[in-house]
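Visitor: Starting off with a structure, shown below.
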Amino acid sequence: MKSVWSESCSLPKREPLAGDLRADAVVIGAGMAGILTAFFLQQQGITTIVLEANEIASGVTKNTTAKITAQHNLIYDTLITDFGEEQAQQYAQANLLAVQQYQKLVEIRGISCHFEQRPAYVYSLDNAERIQKEVDAANRLGIKAGFTTHTALPFGVQGAVKFPDQAQFNPLEFINDIARDLTIYEHTMVREVKDNVVITDHGKVTAKNIAVATHYPFINAPGYYFMRMHQQRSYVVALENAPQLDGMYIDADEQGYSFRNYGDLLLLGGAGHRTGKNQTGGSYKQLQAAAKDFYPQSQVRYQWSAQDCMTLDGVPYIGNYSASTPNLYVATGFNKWGMTSSMVAAMLLSDQIAGKENPNAEVFSPQRFKVNASVGNLMKDGAQSVAGLTAQLLHVPATELEQLENGHGGVVDYDGEKVGVYKNESGETFLVSTRCPHLGCQLEWNPDELTWDCPCHGSRFDYKGKLIGNPALRDLQTE
């Protein structure tokens, strides 16, 4: 299922790497964060090569809802409590600058990307006090924010915090312009990084500085990001015959809905879950039902899904990959705010690589550990990893291959062994290993997207076993 961005914009193809090269810097990953990082480095005279395992913007960037905003749900009151006012201020300023930088690039370069300034709202159906606390926290940090009970939503709210002067755009139209003069090699998966050498199947690239912008980092150690993040999926339907709203909206409740317009369409998002935790399916059906409830005359024109890396404390990891790797950098854990965080990452990493001090860097340091903000999620993620590993090692499936109905998938017993099976509507079967090649957790079937998803760290594979998303680096074994 293609997003509205993929349907409306195609990007020119780039060749794979063909032999060994040298550069001042290498950026691994050609999503928004990687492309913007390379763009800023090139502007500073730092020769940069971008390596992409698939194609430019083929991951999260093409599936985003494409909101550019410093408003990241009800974050600022929490940041002041968990990080202190100084670092909360850094987070606010970095994201406000990111919004401004997008607008600046669009204007200076004359990029036609449906860029529009819009206010951003976080609303609550039942708790005005939470909203007022966020308004107060935002104003305390220098963000213009206001409280309102009047919205363009199809239902009443107890309150909403409004940030003016935020933005939305078409990310593929934007990245098409930004990437135009960059050196990018597609279909060039990085297998390993050794000191200052990036190793691929098509050659090696040697560089003084290396930035990993692959959504989820593929280098397990050092860094140990697989112990500090999990991934979540969310879903979007694009509706025809739905109204034009006055801004971008998101529910403060994790199970609520988001709304924003693109042209004559209304994008309705929600129905999310932890990756690998959608065995019964129904996410698209939930959104379709909500659309009919909110806007009875509407019809679904597009539907698609996205995946986000969620950090322990709600703040991205941007900076040195680890304390022991001074010339290796990372940008990950954007917590559902990928477009704004991509710009933040690009500004921070390009400054660090160029030897410039950035006053907003400390709050994003990957070496931080905020106990109060992190310990609960650390325990939950650890328990999920143990459960996934245990399931792969010990769980014996009750279903046999013959019992699986056409059009369904699942873990079954096949000749005394556990395998993942999908039967299409005509009865053709596709058998794969249920063991994730990343760290060995048991994969689970996602009936909404016909994929095998890892509940531990979020790697995904199609029903034939082909790798869709990292941190895994290879396809599944097939039977």
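Ligands are numbered from 1 in the order shown, chains are lettered A, B, ... in the order of the structure tokens, and residues start at 1 in each chain.
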Leaving out region 451-456 of chain A and any residue of its chain fewer than 4 positions from it, which residues lie within 7 Å of it when counting only C-alpha atoms, given as a PyMOL selection string?
Guide: chain A and resi 230+275-277+384-385+388+436+441-446+460-463
Visitor: Restricted to N, CA and C atoms, what would the selected residues look like written as a PDB file, in the first residue's frame?
Guide:
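Output file result-v8.pdb is given in full below:
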ATOM      1  N   HIS A 230      12.406   0.499  21.479  1.00  0.00           N
ATOM      2  CA  HIS A 230      11.554  -0.462  20.788  1.00  0.00           C
ATOM      3  C   HIS A 230      10.896   0.285  19.629  1.00  0.00           C
ATOM      4  N   THR A 275       5.408  -2.916  17.431  1.00  0.00           N
ATOM      5  CA  THR A 275       5.720  -3.800  16.315  1.00  0.00           C
ATOM      6  C   THR A 275       5.774  -5.243  16.801  1.00  0.00           C
ATOM      7  N   GLY A 276       5.124  -6.142  16.050  1.00  0.00           N
ATOM      8  CA  GLY A 276       5.074  -7.542  16.436  1.00  0.00           C
ATOM      9  C   GLY A 276       3.923  -7.873  17.368  1.00  0.00           C
ATOM     10  N   LYS A 277       3.053  -6.902  17.620  1.00  0.00           N
ATOM     11  CA  LYS A 277       1.926  -7.119  18.542  1.00  0.00           C
ATOM     12  C   LYS A 277       0.608  -6.797  17.845  1.00  0.00           C
ATOM     13  N   GLN A 384       9.990  -7.748  27.233  1.00  0.00           N
ATOM     14  CA  GLN A 384       9.531  -8.134  25.908  1.00  0.00           C
ATOM     15  C   GLN A 384      10.599  -8.913  25.153  1.00  0.00           C
ATOM     16  N   SER A 385      11.854  -8.515  25.300  1.00  0.00           N
ATOM     17  CA  SER A 385      12.939  -9.235  24.645  1.00  0.00           C
ATOM     18  C   SER A 385      13.078 -10.651  25.197  1.00  0.00           C
ATOM     19  N   GLY A 388      10.261 -12.702  23.781  1.00  0.00           N
ATOM     20  CA  GLY A 388      10.472 -13.051  22.389  1.00  0.00           C
ATOM     21  C   GLY A 388      11.499 -14.159  22.208  1.00  0.00           C
ATOM     22  N   CYS A 436      14.185 -14.297  14.121  1.00  0.00           N
ATOM     23  CA  CYS A 436      14.692 -13.042  13.587  1.00  0.00           C
ATOM     24  C   CYS A 436      16.211 -13.105  13.482  1.00  0.00           C
ATOM     25  N   CYS A 441      14.883 -13.384  18.268  1.00  0.00           N
ATOM     26  CA  CYS A 441      13.534 -13.400  18.826  1.00  0.00           C
ATOM     27  C   CYS A 441      12.552 -14.044  17.843  1.00  0.00           C
ATOM     28  N   GLN A 442      11.422 -14.518  18.378  1.00  0.00           N
ATOM     29  CA  GLN A 442      10.410 -15.122  17.516  1.00  0.00           C
ATOM     30  C   GLN A 442       9.579 -14.051  16.837  1.00  0.00           C
ATOM     31  N   LEU A 443       9.479 -14.158  15.524  1.00  0.00           N
ATOM     32  CA  LEU A 443       8.673 -13.226  14.741  1.00  0.00           C
ATOM     33  C   LEU A 443       7.191 -13.539  14.897  1.00  0.00           C
ATOM     34  N   GLU A 444       6.360 -12.513  14.725  1.00  0.00           N
ATOM     35  CA  GLU A 444       4.912 -12.680  14.812  1.00  0.00           C
ATOM     36  C   GLU A 444       4.270 -12.180  13.524  1.00  0.00           C
ATOM     37  N   TRP A 445       3.138 -12.785  13.181  1.00  0.00           N
ATOM     38  CA  TRP A 445       2.435 -12.456  11.943  1.00  0.00           C
ATOM     39  C   TRP A 445       1.619 -11.183  12.108  1.00  0.00           C
ATOM     40  N   ASN A 446       1.690 -10.287  11.109  1.00  0.00           N
ATOM     41  CA  ASN A 446       0.895  -9.060  11.079  1.00  0.00           C
ATOM     42  C   ASN A 446      -0.103  -9.182   9.933  1.00  0.00           C
ATOM     43  N   ARG A 460      11.363  -6.228  10.253  1.00  0.00           N
ATOM     44  CA  ARG A 460      10.172  -6.674   9.531  1.00  0.00           C
ATOM     45  C   ARG A 460      10.564  -7.346   8.216  1.00  0.00           C
ATOM     46  N   PHE A 461       9.718  -8.319   7.820  1.00  0.00           N
ATOM     47  CA  PHE A 461       9.973  -9.108   6.622  1.00  0.00           C
ATOM     48  C   PHE A 461       8.639  -9.349   5.908  1.00  0.00           C
ATOM     49  N   ASP A 462       8.663  -9.416   4.576  1.00  0.00           N
ATOM     50  CA  ASP A 462       7.424  -9.735   3.877  1.00  0.00           C
ATOM     51  C   ASP A 462       7.121 -11.218   4.004  1.00  0.00           C
ATOM     52  N   TYR A 463       5.985 -11.653   3.470  1.00  0.00           N
ATOM     53  CA  TYR A 463       5.566 -13.044   3.696  1.00  0.00           C
ATOM     54  C   TYR A 463       6.469 -14.061   2.998  1.00  0.00           C
TER      55      TYR A 463
END
Visitor: Give one line per residue of region 205-257 of chain A that approaches region 344-361 of chain A to at most 12 Å, naming the two atoms of the closest pair and their distance in Å to one decimal, counting only C-alpha atoms; sort by chain then ascending residue number and deliver it as a Markdown table.
Guide:
| residue | atom | partner | partner_atom | distance |
| --- | --- | --- | --- | --- |
| A:Ala207 | CA | A:Ile353 | CA | 11.6 |
| A:Lys208 | CA | A:Ile353 | CA | 9.3 |
| A:Asn209 | CA | A:Ile353 | CA | 6.8 |
| A:Ile210 | CA | A:Ile353 | CA | 8.9 |
| A:Ala211 | CA | A:Leu349 | CA | 7.9 |
| A:Val212 | CA | A:Leu349 | CA | 10.3 |
| A:Ala213 | CA | A:Ala345 | CA | 9.2 |
| A:His215 | CA | A:Ala345 | CA | 11.8 |
Visitor: Write a file of the selected residues as a PDB file, in the first residue's frame, keeping N, CA and C atoms.
Guide:
ATOM      1  N   ALA A 207      36.424   7.034   5.449  1.00  0.00           N
ATOM      2  CA  ALA A 207      36.094   8.426   5.781  1.00  0.00           C
ATOM      3  C   ALA A 207      36.494   8.710   7.223  1.00  0.00           C
ATOM      4  N   LYS A 208      36.814   9.960   7.491  1.00  0.00           N
ATOM      5  CA  LYS A 208      37.174  10.357   8.852  1.00  0.00           C
ATOM      6  C   LYS A 208      35.974  10.287   9.782  1.00  0.00           C
ATOM      7  N   ASN A 209      34.795  10.653   9.262  1.00  0.00           N
ATOM      8  CA  ASN A 209      33.580  10.677  10.078  1.00  0.00           C
ATOM      9  C   ASN A 209      32.477   9.863   9.414  1.00  0.00           C
ATOM     10  N   ILE A 210      31.733   9.125  10.257  1.00  0.00           N
ATOM     11  CA  ILE A 210      30.670   8.246   9.773  1.00  0.00           C
ATOM     12  C   ILE A 210      29.422   8.500  10.609  1.00  0.00           C
ATOM     13  N   ALA A 211      28.296   8.741   9.940  1.00  0.00           N
ATOM     14  CA  ALA A 211      27.024   8.970  10.637  1.00  0.00           C
ATOM     15  C   ALA A 211      26.037   7.869  10.267  1.00  0.00           C
ATOM     16  N   VAL A 212      25.475   7.220  11.278  1.00  0.00           N
ATOM     17  CA  VAL A 212      24.495   6.152  11.074  1.00  0.00           C
ATOM     18  C   VAL A 212      23.097   6.757  11.216  1.00  0.00           C
ATOM     19  N   ALA A 213      22.396   6.864  10.086  1.00  0.00           N
ATOM     20  CA  ALA A 213      21.044   7.434  10.063  1.00  0.00           C
ATOM     21  C   ALA A 213      20.097   6.434   9.408  1.00  0.00           C
ATOM     22  N   HIS A 215      17.466   4.808  10.619  1.00  0.00           N
ATOM     23  CA  HIS A 215      16.235   4.633  11.398  1.00  0.00           C
ATOM     24  C   HIS A 215      16.570   3.894  12.691  1.00  0.00           C
TER      25      HIS A 215
END
Visitor: Taking 6 positions as the minimum chain separation for residues in the same chain, which residues sit within 9 Å of Tyr235 (chain A) when counting only C-alpha atoms? Answer as number ranges by chain.
Guide: A: 268-272, 283-284, 287, 303-307
Visitor: Write out as a ChimeraX atom specification the residues lying within 7 Å of region 99-110 of chain A, counting only C-alpha atoms and excluding same-chain residues fewer than 2 positions away.
Guide: /A:68-69,95-97,112,166,340
Visitor: So that I have them on file, write out the residues from the current selection with all heavy atoms, as an mmCIF file, in the first residue's frame.
Guide:
data_model
loop_
_atom_site.group_PDB
_atom_site.id
_atom_site.type_symbol
_atom_site.label_atom_id
_atom_site.label_comp_id
_atom_site.auth_asym_id
_atom_site.auth_seq_id
_atom_site.Cartn_x
_atom_site.Cartn_y
_atom_site.Cartn_z
ATOM 1 N N ILE A 68 5.691 19.142 10.530
ATOM 2 C CA ILE A 68 6.918 19.804 10.978
ATOM 3 C C ILE A 68 6.541 20.668 12.173
ATOM 4 O O ILE A 68 5.956 21.732 12.024
ATOM 5 C CB ILE A 68 7.526 20.672 9.860
ATOM 6 C CG1 ILE A 68 7.764 19.845 8.598
ATOM 7 C CG2 ILE A 68 8.830 21.306 10.328
ATOM 8 C CD1 ILE A 68 8.132 20.690 7.380
ATOM 9 N N THR A 69 6.863 20.196 13.358
ATOM 10 C CA THR A 69 6.369 20.886 14.536
ATOM 11 C C THR A 69 7.246 20.651 15.755
ATOM 12 O O THR A 69 7.817 19.575 15.917
ATOM 13 C CB THR A 69 4.927 20.453 14.864
ATOM 14 O OG1 THR A 69 4.502 21.048 16.087
ATOM 15 C CG2 THR A 69 4.812 18.940 14.977
ATOM 16 N N ASN A 95 14.018 22.258 18.273
ATOM 17 C CA ASN A 95 12.879 21.945 17.415
ATOM 18 C C ASN A 95 12.259 23.186 16.791
ATOM 19 O O ASN A 95 11.799 23.150 15.645
ATOM 20 C CB ASN A 95 11.852 21.135 18.204
ATOM 21 C CG ASN A 95 12.256 19.678 18.337
ATOM 22 O OD1 ASN A 95 12.097 18.896 17.412
ATOM 23 N ND2 ASN A 95 12.812 19.316 19.495
ATOM 24 N N LEU A 96 12.243 24.295 17.515
ATOM 25 C CA LEU A 96 11.777 25.542 16.912
ATOM 26 C C LEU A 96 12.689 25.962 15.760
ATOM 27 O O LEU A 96 12.222 26.404 14.705
ATOM 28 C CB LEU A 96 11.713 26.645 17.967
ATOM 29 C CG LEU A 96 10.599 26.528 19.015
ATOM 30 C CD1 LEU A 96 10.788 27.566 20.112
ATOM 31 C CD2 LEU A 96 9.226 26.658 18.378
ATOM 32 N N LEU A 97 13.999 25.812 15.954
ATOM 33 C CA LEU A 97 14.947 26.119 14.878
ATOM 34 C C LEU A 97 14.761 25.191 13.686
ATOM 35 O O LEU A 97 14.930 25.604 12.533
ATOM 36 C CB LEU A 97 16.385 26.015 15.403
ATOM 37 C CG LEU A 97 16.850 27.139 16.327
ATOM 38 C CD1 LEU A 97 18.200 26.800 16.934
ATOM 39 C CD2 LEU A 97 16.931 28.473 15.572
ATOM 40 N N SER A 112 9.020 23.499 -4.424
ATOM 41 C CA SER A 112 7.578 23.290 -4.533
ATOM 42 C C SER A 112 7.239 21.968 -3.846
ATOM 43 O O SER A 112 7.379 20.894 -4.441
ATOM 44 C CB SER A 112 7.161 23.262 -6.003
ATOM 45 O OG SER A 112 5.783 23.009 -6.112
ATOM 46 N N GLN A 166 3.515 26.397 13.041
ATOM 47 C CA GLN A 166 4.157 25.125 12.714
ATOM 48 C C GLN A 166 3.905 24.873 11.224
ATOM 49 O O GLN A 166 3.454 25.772 10.510
ATOM 50 C CB GLN A 166 3.608 24.023 13.610
ATOM 51 C CG GLN A 166 3.649 24.350 15.106
ATOM 52 C CD GLN A 166 5.030 24.699 15.615
ATOM 53 O OE1 GLN A 166 5.941 23.889 15.608
ATOM 54 N NE2 GLN A 166 5.208 25.948 16.062
ATOM 55 N N THR A 340 10.614 16.668 11.982
ATOM 56 C CA THR A 340 11.276 17.713 12.759
ATOM 57 C C THR A 340 12.582 17.200 13.346
ATOM 58 O O THR A 340 13.613 17.885 13.306
ATOM 59 C CB THR A 340 10.359 18.219 13.888
ATOM 60 O OG1 THR A 340 9.016 18.243 13.436
ATOM 61 C CG2 THR A 340 10.774 19.602 14.341
#
Visitor: Could you pull the residues within 8 Å of region 6-9 of chain A, counting only C-alpha atoms, minus those fewer than 3 positions along the same chain, as a compact mmCIF listing (two decimals) with N, CA and C atoms, in the first residue's frame?
Guide:
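What ended up in part_26.txt:
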# COMPACT_ATOMS: atom_id res chain seq x y z
N LYS A 2 0.69 2.08 -1.00
CA LYS A 2 1.52 3.27 -1.15
C LYS A 2 0.91 4.45 -0.40
N SER A 3 1.78 5.29 0.14
CA SER A 3 1.32 6.52 0.77
C SER A 3 0.94 7.53 -0.31
N LYS A 62 8.88 8.09 3.45
CA LYS A 62 7.76 8.05 2.50
C LYS A 62 6.45 7.68 3.16
N LEU A 172 8.52 13.92 0.05
CA LEU A 172 9.25 13.44 -1.11
C LEU A 172 9.56 14.57 -2.08
N GLU A 173 8.64 15.50 -2.24
CA GLU A 173 8.93 16.66 -3.09
C GLU A 173 10.07 17.49 -2.49
Visitor: As a tab-separated table (two decimals) with N, CA and C atoms, in the first residue's frame, please: the residues near Asp77 (chain A) (cut-off 10 Å, only C-alpha atoms, same-chain neighbours under 6 positions excluded).
Guide:
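Once everything was written out, this is selection04.tsv:
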chain	number	residue	atom	x	y	z
A	84	GLY	N	15.11	18.73	33.67
A	84	GLY	CA	15.44	20.06	34.18
A	84	GLY	C	15.14	21.11	33.13
A	85	GLU	N	14.98	22.34	33.60
A	85	GLU	CA	14.54	23.40	32.69
A	85	GLU	C	15.58	23.73	31.62
A	88	ALA	N	15.34	21.04	28.92
A	88	ALA	CA	14.04	21.18	28.27
A	88	ALA	C	14.05	22.36	27.31
A	130	ARG	N	-4.25	18.47	32.24
A	130	ARG	CA	-3.02	18.06	31.55
A	130	ARG	C	-2.66	19.08	30.47
A	131	ILE	N	-3.67	19.54	29.75
A	131	ILE	CA	-3.45	20.49	28.67
A	131	ILE	C	-2.92	21.82	29.22
A	132	GLN	N	-3.52	22.30	30.29
A	132	GLN	CA	-3.11	23.58	30.85
A	132	GLN	C	-1.67	23.50	31.37
A	133	LYS	N	-1.29	22.38	31.95
A	133	LYS	CA	0.09	22.21	32.43
A	133	LYS	C	1.08	22.28	31.27
A	134	GLU	N	0.70	21.73	30.13
A	134	GLU	CA	1.59	21.77	28.96
A	134	GLU	C	1.68	23.19	28.41
A	135	VAL	N	0.56	23.89	28.39
A	135	VAL	CA	0.58	25.29	27.95
A	135	VAL	C	1.52	26.10	28.82
A	136	ASP	N	1.42	25.92	30.13
A	136	ASP	CA	2.27	26.66	31.06
A	136	ASP	C	3.74	26.31	30.86
A	137	ALA	N	4.03	25.00	30.68
A	137	ALA	CA	5.42	24.56	30.50
A	137	ALA	C	5.99	25.13	29.21
A	138	ALA	N	5.23	25.07	28.13
A	138	ALA	CA	5.71	25.59	26.83
A	138	ALA	C	6.01	27.08	26.92
A	140	ARG	N	6.74	28.76	29.52
A	140	ARG	CA	7.91	28.91	30.40
A	140	ARG	C	9.21	28.73	29.63
A	141	LEU	N	9.18	27.91	28.58
A	141	LEU	CA	10.37	27.63	27.78
A	141	LEU	C	10.49	28.54	26.56
Visitor: Just list as a ChimeraX atom specification whatever in region 10-112 of chain A DSSP marks as strand (DSSP E).
Guide: /A:21-28,48-51,67-68
Visitor: Write out as a list in words the residues lying within 6 Å of region 248-262 of chain A, counting only C-alpha atoms and excluding same-chain residues fewer than 3 positions away.
Guide: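 Selected residues are Ala120, Tyr121, Val122, Tyr123, Ser124, Leu265, Leu266, Leu267, Leu268, Gly269 and Gly270 of chain A.
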Visitor: Expressed in Å to a single decimal, how great is the separation between CA of Asp264 (chain A) and CA of Arg301 (chain A)?
Guide: 11.1 Å
Visitor: Pick from A:Gly409, A:Gly146, A:Pro171, A:Pro447: nearest to Phe430 (chain A), with only C-alpha atoms counted?
Guide: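 Nearest candidate to Phe430 (chain A) out of A:Gly409, A:Gly146, A:Pro171, A:Pro447: A:Gly409.
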Visitor: At what distance in Å, to one decimal, does CA of Tyr329 (chain A) lie from CA of Tyr216 (chain A)?
Guide: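 It comes out at 13.0 Å.
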